[in-house]
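So this one's my_file38.txt, compact mmCIF, C-alpha atoms:
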```txt
# COMPACT_ATOMS: atom_id res chain seq x y z
CA MET J 1 0.00 0.00 0.00
CA THR J 2 2.87 2.35 0.85
CA LEU J 3 4.49 1.54 -2.51
CA LEU J 4 1.22 2.12 -4.36
CA ILE J 5 0.58 5.50 -2.70
CA THR J 6 4.17 6.64 -3.36
CA VAL J 7 3.96 5.59 -7.04
CA PHE J 8 0.74 7.61 -7.42
CA ALA J 9 2.42 10.63 -5.75
CA ALA J 10 5.45 10.24 -8.06
CA ALA J 11 3.21 10.06 -11.14
CA ILE J 12 1.20 13.14 -10.08
CA ALA J 13 4.42 15.09 -9.33
CA THR J 14 5.83 14.08 -12.75
CA VAL J 15 2.67 15.26 -14.56
CA VAL J 16 2.82 18.61 -12.73
CA TRP J 17 6.55 18.94 -13.58
CA TYR J 18 5.91 18.07 -17.24
CA LYS J 19 3.06 20.59 -17.45
CA ASN J 20 5.37 23.41 -16.35
CA ALA J 21 8.57 22.18 -18.08
CA PRO J 22 11.10 23.54 -18.88
CA ASP J 23 10.25 26.07 -16.12
CA ASP J 24 11.18 24.50 -12.78
CA THR J 25 10.97 27.56 -10.54
CA TYR J 26 9.15 25.66 -7.81
CA ARG J 27 11.58 22.72 -7.96
CA ILE J 28 8.89 20.13 -8.67
CA SER J 29 11.69 17.98 -10.14
CA THR J 30 13.08 17.53 -6.61
CA LEU J 31 9.72 16.12 -5.53
CA CYS J 32 9.68 13.79 -8.58
CA PHE J 33 13.18 12.46 -7.86
CA MET J 34 12.34 11.93 -4.19
CA TYR J 35 9.10 10.02 -4.81
CA TRP J 36 10.50 7.98 -7.73
CA GLY J 37 13.60 7.10 -5.66
CA ALA J 38 11.43 5.93 -2.76
CA SER J 39 9.08 4.04 -5.10
CA LEU J 40 11.97 2.11 -6.66
CA MET J 41 13.39 1.27 -3.25
CA TRP J 42 10.02 0.05 -1.96
CA MET J 43 9.64 -1.98 -5.11
CA CYS J 44 12.84 -3.82 -4.17
CA ASP J 45 11.46 -4.29 -0.66
CA ALA J 46 8.20 -5.62 -2.13
CA VAL J 47 10.04 -8.10 -4.39
CA ALA J 48 12.08 -9.35 -1.40
CA GLU J 49 8.86 -9.73 0.61
CA TYR J 50 7.16 -11.54 -2.29
CA ILE J 51 10.09 -14.00 -2.52
CA GLU J 52 9.72 -14.63 1.22
CA LEU J 53 5.91 -14.81 1.49
CA GLY J 54 4.82 -15.96 -1.97
CA SER J 55 1.20 -15.33 -2.93
CA ALA J 56 0.34 -14.32 0.65
CA PHE J 57 2.02 -11.01 -0.20
CA PHE J 58 -1.05 -10.08 -2.31
CA GLU J 59 -3.52 -10.93 0.45
CA PRO J 60 -2.67 -8.57 3.30
CA ALA J 61 -4.84 -8.27 6.39
CA VAL J 62 -7.17 -5.26 6.44
CA GLU J 63 -5.47 -3.88 9.54
CA ASP J 64 -2.04 -4.09 7.83
CA MET J 65 -3.42 -2.33 4.76
CA ILE J 66 -4.81 0.51 6.85
CA ASN J 67 -1.50 0.84 8.71
CA ASP J 68 0.45 0.83 5.43
CA ALA J 69 -1.90 3.41 3.89
CA PHE J 70 -1.45 5.61 6.95
CA LEU J 71 2.32 5.25 6.58
CA GLY J 72 2.09 5.95 2.83
CA PHE J 73 0.22 9.22 3.36
CA SER J 74 2.66 10.19 6.14
CA VAL J 75 5.57 9.55 3.78
CA ILE J 76 3.94 11.77 1.13
CA ALA J 77 3.44 14.51 3.73
CA PHE J 78 7.08 14.13 4.88
CA GLY J 79 8.26 14.42 1.27
CA LEU J 80 6.17 17.56 0.78
CA VAL J 81 7.65 19.08 3.95
CA ILE J 82 11.22 18.36 2.74
CA TRP J 83 10.37 19.89 -0.66
CA LEU J 84 8.83 22.96 1.01
CA ILE J 85 11.89 23.47 3.22
CA THR J 86 14.19 23.13 0.17
CA LEU J 87 12.03 25.62 -1.73
CA LEU J 88 12.09 28.15 1.11
CA ILE J 89 15.87 27.79 1.58
CA LYS J 90 16.61 28.15 -2.15
CA ASP J 91 13.95 30.89 -2.40
CA PRO J 92 13.89 31.00 -6.24
CA LYS J 93 11.58 34.04 -6.39
CA GLY J 94 13.54 35.92 -3.73
CA VAL J 95 10.40 36.45 -1.61
CA ILE J 96 11.98 35.62 1.75
CA LYS J 97 15.13 37.57 0.93
CA ALA J 98 13.01 40.59 0.00
CA LYS J 99 11.01 40.29 3.24
CA LEU J 100 14.09 39.88 5.44
CA PHE J 101 16.18 42.63 3.90
CA ARG J 102 13.38 45.12 3.28
CA ARG J 103 14.26 48.57 4.56
CA MET X 1 16.04 -2.90 9.20
CA ALA X 2 18.64 -0.58 7.77
CA CYS X 3 18.57 -1.22 4.02
CA PHE X 4 18.32 2.52 3.28
CA ILE X 5 21.92 3.02 4.51
CA VAL X 6 23.38 1.46 1.32
CA PRO X 7 21.64 3.85 -1.13
CA ALA X 8 22.33 6.74 1.30
CA ALA X 9 26.06 5.90 1.18
CA GLU X 10 25.93 5.77 -2.63
CA ALA X 11 24.15 9.16 -2.58
CA ALA X 12 27.06 10.64 -0.58
CA VAL X 13 29.57 9.24 -3.09
CA SER X 14 27.59 10.46 -6.11
CA TYR X 15 27.26 13.91 -4.48
CA ALA X 16 31.05 14.13 -4.13
CA VAL X 17 31.50 12.93 -7.74
CA ALA X 18 28.96 15.50 -9.01
CA ARG X 19 30.74 18.32 -7.18
CA SER X 20 34.11 17.29 -8.60
CA ILE X 21 32.75 17.02 -12.18
CA GLU X 22 30.96 20.37 -11.79
CA LYS X 23 34.22 22.02 -10.74
CA LYS X 24 35.99 20.52 -13.75
CA GLU X 25 33.22 21.67 -16.11
CA LYS X 26 33.34 25.21 -14.69
CA ASN X 27 37.11 25.32 -15.26
CA GLU X 28 36.62 24.09 -18.82
CA LEU X 29 33.94 26.73 -19.39
CA CYS X 30 36.36 29.42 -18.18
CA GLY X 31 38.94 28.08 -20.64
CA ILE X 32 41.22 26.60 -18.01
CA SER X 33 42.48 23.05 -18.44
CA GLU X 34 45.12 21.06 -16.64
CA ASN X 35 47.58 21.97 -19.41
CA GLY X 36 46.66 25.64 -19.52
CA ILE X 37 44.17 27.63 -21.58
CA THR X 38 41.93 25.63 -23.92
CA ASP X 39 40.41 26.57 -27.24
CA GLN X 40 36.74 27.47 -26.68
CA THR X 41 35.73 27.68 -30.33
CA ASP X 42 35.39 23.91 -30.70
CA ASN X 43 31.92 22.40 -30.30
CA ILE X 44 30.41 25.46 -28.60
CA TYR X 45 27.32 25.07 -30.76
CA ASP X 46 26.92 21.42 -29.78
CA GLU X 47 27.49 22.19 -26.09
CA GLU X 48 24.37 24.40 -26.11
CA HIS X 49 22.26 21.29 -26.71
CA ARG X 50 24.04 19.09 -24.19
CA ILE X 51 23.09 18.64 -20.55
CA PRO X 52 26.26 18.88 -18.39
CA PHE X 53 27.25 15.48 -16.99
CA SER X 54 27.43 16.96 -13.47
CA ARG X 55 23.70 17.69 -13.70
CA LYS X 56 23.06 14.11 -14.77
CA VAL X 57 25.02 12.81 -11.76
CA LYS X 58 22.91 15.13 -9.59
CA TRP X 59 19.81 13.28 -10.83
CA LEU X 60 21.29 10.10 -9.36
CA THR X 61 22.11 11.90 -6.10
CA LYS X 62 18.55 13.21 -5.84
CA LEU X 63 17.00 9.81 -6.57
CA LEU X 64 19.20 8.10 -3.98
CA SER X 65 19.09 10.74 -1.25
CA GLY X 66 15.36 11.46 -1.64
CA GLY X 67 14.47 7.78 -1.58
CA SER X 68 16.77 7.13 1.38
CA LEU X 69 15.21 9.99 3.34
CA LEU X 70 11.69 8.66 2.85
CA LEU X 71 12.82 5.13 3.67
CA ALA X 72 14.57 6.39 6.80
CA TYR X 73 11.25 7.96 7.82
CA GLU X 74 9.56 4.56 7.34
CA HIS X 75 12.21 2.94 9.56
CA VAL X 76 11.65 5.58 12.25
CA TRP X 77 7.90 4.85 11.95
CA HIS X 78 8.52 1.15 12.57
CA GLY X 79 10.86 1.89 15.48
CA GLU X 80 13.93 0.49 13.73
CA VAL X 81 15.81 3.79 13.90
CA THR X 82 16.12 5.69 17.17
CA PRO X 83 17.42 9.20 17.90
CA PHE X 84 19.94 7.87 20.46
CA PHE X 85 23.03 5.64 20.23
CA PRO X 86 23.41 3.11 18.52
CA PHE X 87 20.60 4.65 16.39
CA LEU X 88 19.60 1.25 14.97
CA THR X 89 17.63 -1.01 17.31
CA ALA X 90 19.04 -4.07 15.53
CA MET X 91 22.48 -3.14 16.87
CA ASN X 92 21.43 -4.05 20.42
CA ASP X 93 21.25 -7.78 19.67
CA PRO X 94 24.06 -9.68 17.84
CA ALA X 95 21.54 -12.01 16.10
CA GLU X 96 19.53 -9.03 14.87
CA THR X 97 22.74 -7.27 13.83
CA SER X 98 23.68 -10.15 11.57
CA ALA X 99 20.14 -10.19 10.09
CA MET X 100 20.43 -6.44 9.53
CA LEU X 101 23.78 -6.80 7.75
CA HIS X 102 22.31 -9.59 5.60
CA GLU X 103 19.39 -7.33 4.67
CA MET X 104 21.76 -4.48 3.85
CA GLY X 105 23.79 -6.82 1.65
CA THR X 106 20.77 -8.16 -0.23
CA VAL X 107 17.85 -5.68 -0.24
CA GLY X 108 20.00 -2.57 0.32
CA VAL X 109 22.45 -3.39 -2.47
CA SER X 110 19.63 -4.33 -4.86
CA MET X 111 17.90 -1.00 -4.08
CA ALA X 112 21.08 0.92 -4.91
CA LEU X 113 21.56 -1.17 -8.07
CA LEU X 114 17.97 -0.69 -9.23
CA ILE X 115 18.22 3.10 -8.79
CA THR X 116 21.54 3.13 -10.67
CA VAL X 117 20.06 1.07 -13.52
CA PHE X 118 17.03 3.41 -13.63
CA TRP X 119 19.43 6.37 -13.82
CA GLY X 120 21.34 4.58 -16.60
CA GLY X 121 18.05 4.40 -18.52
CA MET X 122 17.52 8.12 -17.93
CA LEU X 123 21.03 8.76 -19.35
CA LEU X 124 20.30 6.72 -22.47
CA VAL X 125 17.03 8.60 -23.11
CA SER X 126 18.57 12.03 -22.47
CA ASN X 127 21.56 11.22 -24.73
CA ALA X 128 19.19 10.21 -27.54
CA ILE X 129 17.21 13.48 -27.09
CA GLU X 130 20.45 15.53 -27.08
CA LYS X 131 21.71 13.82 -30.25
CA ARG X 132 18.40 14.53 -32.00
CA ALA X 133 18.52 18.19 -30.91
CA ILE X 134 22.11 18.56 -32.20
CA ARG X 135 21.21 16.88 -35.51
CA ASP X 136 18.13 19.13 -35.93
CA SER X 137 20.06 22.30 -35.12
CA ARG X 138 22.86 21.35 -37.55
CA SER X 139 20.39 20.71 -40.37
CA ASP X 140 18.72 24.07 -39.58
CA MET X 141 22.15 25.73 -39.81
CA ILE X 142 22.88 24.09 -43.16
CA LYS X 143 19.46 25.16 -44.49
CA ALA X 144 20.02 28.75 -43.30
CA ALA X 145 23.47 28.81 -44.89
CA ALA X 146 22.04 27.50 -48.19
CA ILE X 147 19.32 30.18 -48.21
CA ARG X 148 21.95 32.85 -47.50
CA THR X 149 24.13 31.61 -50.40
CA ASP X 150 21.11 31.63 -52.74
CA ASP X 151 20.30 35.20 -51.74
CA GLN X 152 23.89 36.28 -52.31
CA ASP X 153 23.89 34.61 -55.76
CA LYS X 154 20.65 36.42 -56.69
CA ASP X 155 22.13 39.75 -55.52
CA ALA X 156 25.26 39.09 -57.59
CA ASP X 157 23.10 38.33 -60.70
CA ILE X 158 21.18 41.59 -60.27
```

Output the structure of this file as structure tokens.
Amino acid sequence: MTLLITVFAAAIATVVWYKNAPDDTYRISTLCFMYWGASLMWMCDAVAEYIELGSAFFEPAVEDMINDAFLGFSVIAFGLVIWLITLLIKDPKGVIKAKLFRR
Amino acid sequence: MACFIVPAAEAAVSYAVARSIEKKEKNELCGISENGITDQTDNIYDEEHRIPFSRKVKWLTKLLSGGSLLLAYEHVWHGEVTPFFPFLTAMNDPAETSAMLHEMGTVGVSMALLITVFWGGMLLVSNAIEKRAIRDSRSDMIKAAAIRTDDQDKDADI
């Protein structure tokens, strides 16, 4: 479930990036790289789990699914927070700089 | 358990490599080479259509570091990473430590490999796009030059 939610987030971020390309003022590409990186890593995790559990991997308990979904959404939120912090630090539009150094 | 450490370590290495290549590229752009001043007239037109390799290495760094960060969050969520020493709960028990090292060697390494292969695919696609852009721009240049020559010939006839 976590993998699925992250893949959806990566796909949505990629569509948003593509819509605005080549302009990347808001650093959407960072978000894409982060979500795709995590998705690929969880895919590896999922393959390892599938090798271990077999077909039971595709029949998770409802409680596990809810927990994984909760984790998936938390991961998306965490990714968004990291992206937001990066955006504010880089400050591509110079908004924060203008606010701080306004006389 | 701690599989994200392997891609995180690769991210650190690729970051250092990207910085070093970037420095080299900046020196080349300024016309400074190891032997002295280089000739900047060669391939300037082609360079406009090329993505610097340092930027491509940064893609790998972002994929690895971003993924590792989110995976680290998952490990914190599951209580496998703690904010105090030894930071990994598996380090408290020798049996768990060996299981952790096994996981790092199998899942962790395969994660790093998969990301690197994915990045390799990105390189192939971007190289193909760059080549096409260079070919198109060269043919445009040739066409423009031919039109200019025709115009000059017509002017000479008049």

Exercise for the section: Counting all atoms listed in the file, figure out which residue out of J:Thr14, J:Asn20, J:Ser55, J:Ser29 gets nearest to chain X. Expected result: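 Nearest to chain X: J:Ser29.
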
Go through chain X residue by residue and, counting all atoms listed in the file, keep those with an atom at most 8 Å from chain J; for each kept residue give the shortest atom pair and its distance in Å to one decimal, ordered by chain and increasing number, as JSON lines.
```
{"residue": "X:Trp59", "atom": "CA", "partner": "J:Phe33", "partner_atom": "CA", "distance": 7.3}
{"residue": "X:Lys62", "atom": "CA", "partner": "J:Phe33", "partner_atom": "CA", "distance": 5.8}
{"residue": "X:Leu63", "atom": "CA", "partner": "J:Gly37", "partner_atom": "CA", "distance": 4.4}
{"residue": "X:Leu64", "atom": "CA", "partner": "J:Gly37", "partner_atom": "CA", "distance": 5.9}
{"residue": "X:Ser65", "atom": "CA", "partner": "J:Met34", "partner_atom": "CA", "distance": 7.5}
{"residue": "X:Gly66", "atom": "CA", "partner": "J:Met34", "partner_atom": "CA", "distance": 4.0}
{"residue": "X:Gly67", "atom": "CA", "partner": "J:Ala38", "partner_atom": "CA", "distance": 3.7}
{"residue": "X:Ser68", "atom": "CA", "partner": "J:Ala38", "partner_atom": "CA", "distance": 6.9}
{"residue": "X:Leu70", "atom": "CA", "partner": "J:Ala38", "partner_atom": "CA", "distance": 6.2}
{"residue": "X:Leu71", "atom": "CA", "partner": "J:Ala38", "partner_atom": "CA", "distance": 6.6}
{"residue": "X:Tyr73", "atom": "CA", "partner": "J:Val75", "partner_atom": "CA", "distance": 7.1}
{"residue": "X:Glu74", "atom": "CA", "partner": "J:Leu71", "partner_atom": "CA", "distance": 7.3}
{"residue": "X:Trp77", "atom": "CA", "partner": "J:Leu71", "partner_atom": "CA", "distance": 7.8}
{"residue": "X:Val107", "atom": "CA", "partner": "J:Asp45", "partner_atom": "CA", "distance": 6.6}
{"residue": "X:Ser110", "atom": "CA", "partner": "J:Cys44", "partner_atom": "CA", "distance": 6.8}
{"residue": "X:Met111", "atom": "CA", "partner": "J:Met41", "partner_atom": "CA", "distance": 5.1}
{"residue": "X:Ala112", "atom": "CA", "partner": "J:Met41", "partner_atom": "CA", "distance": 7.9}
{"residue": "X:Leu114", "atom": "CA", "partner": "J:Leu40", "partner_atom": "CA", "distance": 7.1}
{"residue": "X:Ile115", "atom": "CA", "partner": "J:Leu40", "partner_atom": "CA", "distance": 6.7}
```

Practice task
Tell me which of J:Ile96, J:Ile66, J:Phe101, J:Ile28 sits closest to J:Val16, counting all atoms listed in the file.
Solution key: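 Closest residue, counting all atoms listed in the file: J:Ile28.
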
Size and centre in Å, one decimal, axis-aligned box, all listed stretch 14-18 of chain J atoms plus 8 Å per side, as lines of an AutoDock Vina configuration file:
```
center_x = 4.6
center_y = 16.5
center_z = -15.0
size_x = 19.9
size_y = 20.9
size_z = 20.5
```

Exercise for the section: Provide the atom CA of X:Leu101 to atom CA of J:Ala77 distance in Å, to one decimal place. Expected result: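 Result for atom CA of X:Leu101 versus atom CA of J:Ala77: 29.7 Å, one decimal.
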
Practice task
Could you tell me how far atom CA of J:Thr25 lies from atom CA of J:Ala9, in Å and to one decimal?
Solution key: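 A separation of 19.6 Å between them.
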
Practice task
In Å, rounded to a single decimal, give me how far atom CA of X:Met104 is from atom CA of X:Phe118.
Solution key: 19.8 Å

Exercise for the section: Would you kindly return, as a PyMOL selection string, each protein, DNA or RNA residue with an atom no farther than 10 Å from any atom of X:Arg55, considering only C-alpha atoms and excluding same-chain residues fewer than 2 positions away? Expected result: chain X and resi 18-19+21-22+51-53+57-61

Practice task
Please write as a ChimeraX atom specification the list of polymer residues whose atoms come within 10 Å of (13.3, -11.3, 5.1), counting only C-alpha atoms and keeping to the coordinates of the file.
Solution key: /J:45,48-53 /X:1,99-100,102-103,106-107

Handout entry: Within-10 Å shell of (17.4, -3.4, 17.0) in input frame, only C-alpha atoms, as a ChimeraX atom specification
Key = /X:1-2,79-82,86-97,100

For the residues selected in the previous step, produce a file with C-alpha atoms as a PDB file, keeping the file's coordinate frame.
```pdb
ATOM      1  CA  MET X   1      16.040  -2.900   9.200  1.00  0.00           C
ATOM      2  CA  ALA X   2      18.640  -0.580   7.770  1.00  0.00           C
ATOM      3  CA  GLY X  79      10.860   1.890  15.480  1.00  0.00           C
ATOM      4  CA  GLU X  80      13.930   0.490  13.730  1.00  0.00           C
ATOM      5  CA  VAL X  81      15.810   3.790  13.900  1.00  0.00           C
ATOM      6  CA  THR X  82      16.120   5.690  17.170  1.00  0.00           C
ATOM      7  CA  PRO X  86      23.410   3.110  18.520  1.00  0.00           C
ATOM      8  CA  PHE X  87      20.600   4.650  16.390  1.00  0.00           C
ATOM      9  CA  LEU X  88      19.600   1.250  14.970  1.00  0.00           C
ATOM     10  CA  THR X  89      17.630  -1.010  17.310  1.00  0.00           C
ATOM     11  CA  ALA X  90      19.040  -4.070  15.530  1.00  0.00           C
ATOM     12  CA  MET X  91      22.480  -3.140  16.870  1.00  0.00           C
ATOM     13  CA  ASN X  92      21.430  -4.050  20.420  1.00  0.00           C
ATOM     14  CA  ASP X  93      21.250  -7.780  19.670  1.00  0.00           C
ATOM     15  CA  PRO X  94      24.060  -9.680  17.840  1.00  0.00           C
ATOM     16  CA  ALA X  95      21.540 -12.010  16.100  1.00  0.00           C
ATOM     17  CA  GLU X  96      19.530  -9.030  14.870  1.00  0.00           C
ATOM     18  CA  THR X  97      22.740  -7.270  13.830  1.00  0.00           C
ATOM     19  CA  MET X 100      20.430  -6.440   9.530  1.00  0.00           C
TER      20      MET X 100
END
```

Handout entry: Shell around J:Met65 at 12 Å using all atoms listed in the file, local window under 6 positions removed, as a list in words
Key =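 My list of contacting residues is Met1, Thr2, Leu3, Leu4, Ile5, Phe57, Phe58, Glu59, Leu71 and Gly72 of chain J.
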
Handout entry: Of the listed residues J:Pro60, J:Arg27, J:Pro22, J:Arg102, that which approaches J:Leu84 most closely, counting only C-alpha atoms
Key =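 Ranked by minimum distance to J:Leu84, first place goes to J:Arg27.
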
Any chance you could export stretch 57-132 of chain X with C-alpha atoms, as a JSON list (two decimals), in the first residue's frame?
```json
[["chain", "number", "residue", "atom", "x", "y", "z"],
["X", 57, "VAL", "CA", 25.02, 12.81, -11.76],
["X", 58, "LYS", "CA", 22.91, 15.13, -9.59],
["X", 59, "TRP", "CA", 19.81, 13.28, -10.83],
["X", 60, "LEU", "CA", 21.29, 10.10, -9.36],
["X", 61, "THR", "CA", 22.11, 11.90, -6.10],
["X", 62, "LYS", "CA", 18.55, 13.21, -5.84],
["X", 63, "LEU", "CA", 17.00, 9.81, -6.57],
["X", 64, "LEU", "CA", 19.20, 8.10, -3.98],
["X", 65, "SER", "CA", 19.09, 10.74, -1.25],
["X", 66, "GLY", "CA", 15.36, 11.46, -1.64],
["X", 67, "GLY", "CA", 14.47, 7.78, -1.58],
["X", 68, "SER", "CA", 16.77, 7.13, 1.38],
["X", 69, "LEU", "CA", 15.21, 9.99, 3.34],
["X", 70, "LEU", "CA", 11.69, 8.66, 2.85],
["X", 71, "LEU", "CA", 12.82, 5.13, 3.67],
["X", 72, "ALA", "CA", 14.57, 6.39, 6.80],
["X", 73, "TYR", "CA", 11.25, 7.96, 7.82],
["X", 74, "GLU", "CA", 9.56, 4.56, 7.34],
["X", 75, "HIS", "CA", 12.21, 2.94, 9.56],
["X", 76, "VAL", "CA", 11.65, 5.58, 12.25],
["X", 77, "TRP", "CA", 7.90, 4.85, 11.95],
["X", 78, "HIS", "CA", 8.52, 1.15, 12.57],
["X", 79, "GLY", "CA", 10.86, 1.89, 15.48],
["X", 80, "GLU", "CA", 13.93, 0.49, 13.73],
["X", 81, "VAL", "CA", 15.81, 3.79, 13.90],
["X", 82, "THR", "CA", 16.12, 5.69, 17.17],
["X", 83, "PRO", "CA", 17.42, 9.20, 17.90],
["X", 84, "PHE", "CA", 19.94, 7.87, 20.46],
["X", 85, "PHE", "CA", 23.03, 5.64, 20.23],
["X", 86, "PRO", "CA", 23.41, 3.11, 18.52],
["X", 87, "PHE", "CA", 20.60, 4.65, 16.39],
["X", 88, "LEU", "CA", 19.60, 1.25, 14.97],
["X", 89, "THR", "CA", 17.63, -1.01, 17.31],
["X", 90, "ALA", "CA", 19.04, -4.07, 15.53],
["X", 91, "MET", "CA", 22.48, -3.14, 16.87],
["X", 92, "ASN", "CA", 21.43, -4.05, 20.42],
["X", 93, "ASP", "CA", 21.25, -7.78, 19.67],
["X", 94, "PRO", "CA", 24.06, -9.68, 17.84],
["X", 95, "ALA", "CA", 21.54, -12.01, 16.10],
["X", 96, "GLU", "CA", 19.53, -9.03, 14.87],
["X", 97, "THR", "CA", 22.74, -7.27, 13.83],
["X", 98, "SER", "CA", 23.68, -10.15, 11.57],
["X", 99, "ALA", "CA", 20.14, -10.19, 10.09],
["X", 100, "MET", "CA", 20.43, -6.44, 9.53],
["X", 101, "LEU", "CA", 23.78, -6.80, 7.75],
["X", 102, "HIS", "CA", 22.31, -9.59, 5.60],
["X", 103, "GLU", "CA", 19.39, -7.33, 4.67],
["X", 104, "MET", "CA", 21.76, -4.48, 3.85],
["X", 105, "GLY", "CA", 23.79, -6.82, 1.65],
["X", 106, "THR", "CA", 20.77, -8.16, -0.23],
["X", 107, "VAL", "CA", 17.85, -5.68, -0.24],
["X", 108, "GLY", "CA", 20.00, -2.57, 0.32],
["X", 109, "VAL", "CA", 22.45, -3.39, -2.47],
["X", 110, "SER", "CA", 19.63, -4.33, -4.86],
["X", 111, "MET", "CA", 17.90, -1.00, -4.08],
["X", 112, "ALA", "CA", 21.08, 0.92, -4.91],
["X", 113, "LEU", "CA", 21.56, -1.17, -8.07],
["X", 114, "LEU", "CA", 17.97, -0.69, -9.23],
["X", 115, "ILE", "CA", 18.22, 3.10, -8.79],
["X", 116, "THR", "CA", 21.54, 3.13, -10.67],
["X", 117, "VAL", "CA", 20.06, 1.07, -13.52],
["X", 118, "PHE", "CA", 17.03, 3.41, -13.63],
["X", 119, "TRP", "CA", 19.43, 6.37, -13.82],
["X", 120, "GLY", "CA", 21.34, 4.58, -16.60],
["X", 121, "GLY", "CA", 18.05, 4.40, -18.52],
["X", 122, "MET", "CA", 17.52, 8.12, -17.93],
["X", 123, "LEU", "CA", 21.03, 8.76, -19.35],
["X", 124, "LEU", "CA", 20.30, 6.72, -22.47],
["X", 125, "VAL", "CA", 17.03, 8.60, -23.11],
["X", 126, "SER", "CA", 18.57, 12.03, -22.47],
["X", 127, "ASN", "CA", 21.56, 11.22, -24.73],
["X", 128, "ALA", "CA", 19.19, 10.21, -27.54],
["X", 129, "ILE", "CA", 17.21, 13.48, -27.09],
["X", 130, "GLU", "CA", 20.45, 15.53, -27.08],
["X", 131, "LYS", "CA", 21.71, 13.82, -30.25],
["X", 132, "ARG", "CA", 18.40, 14.53, -32.00]]
```
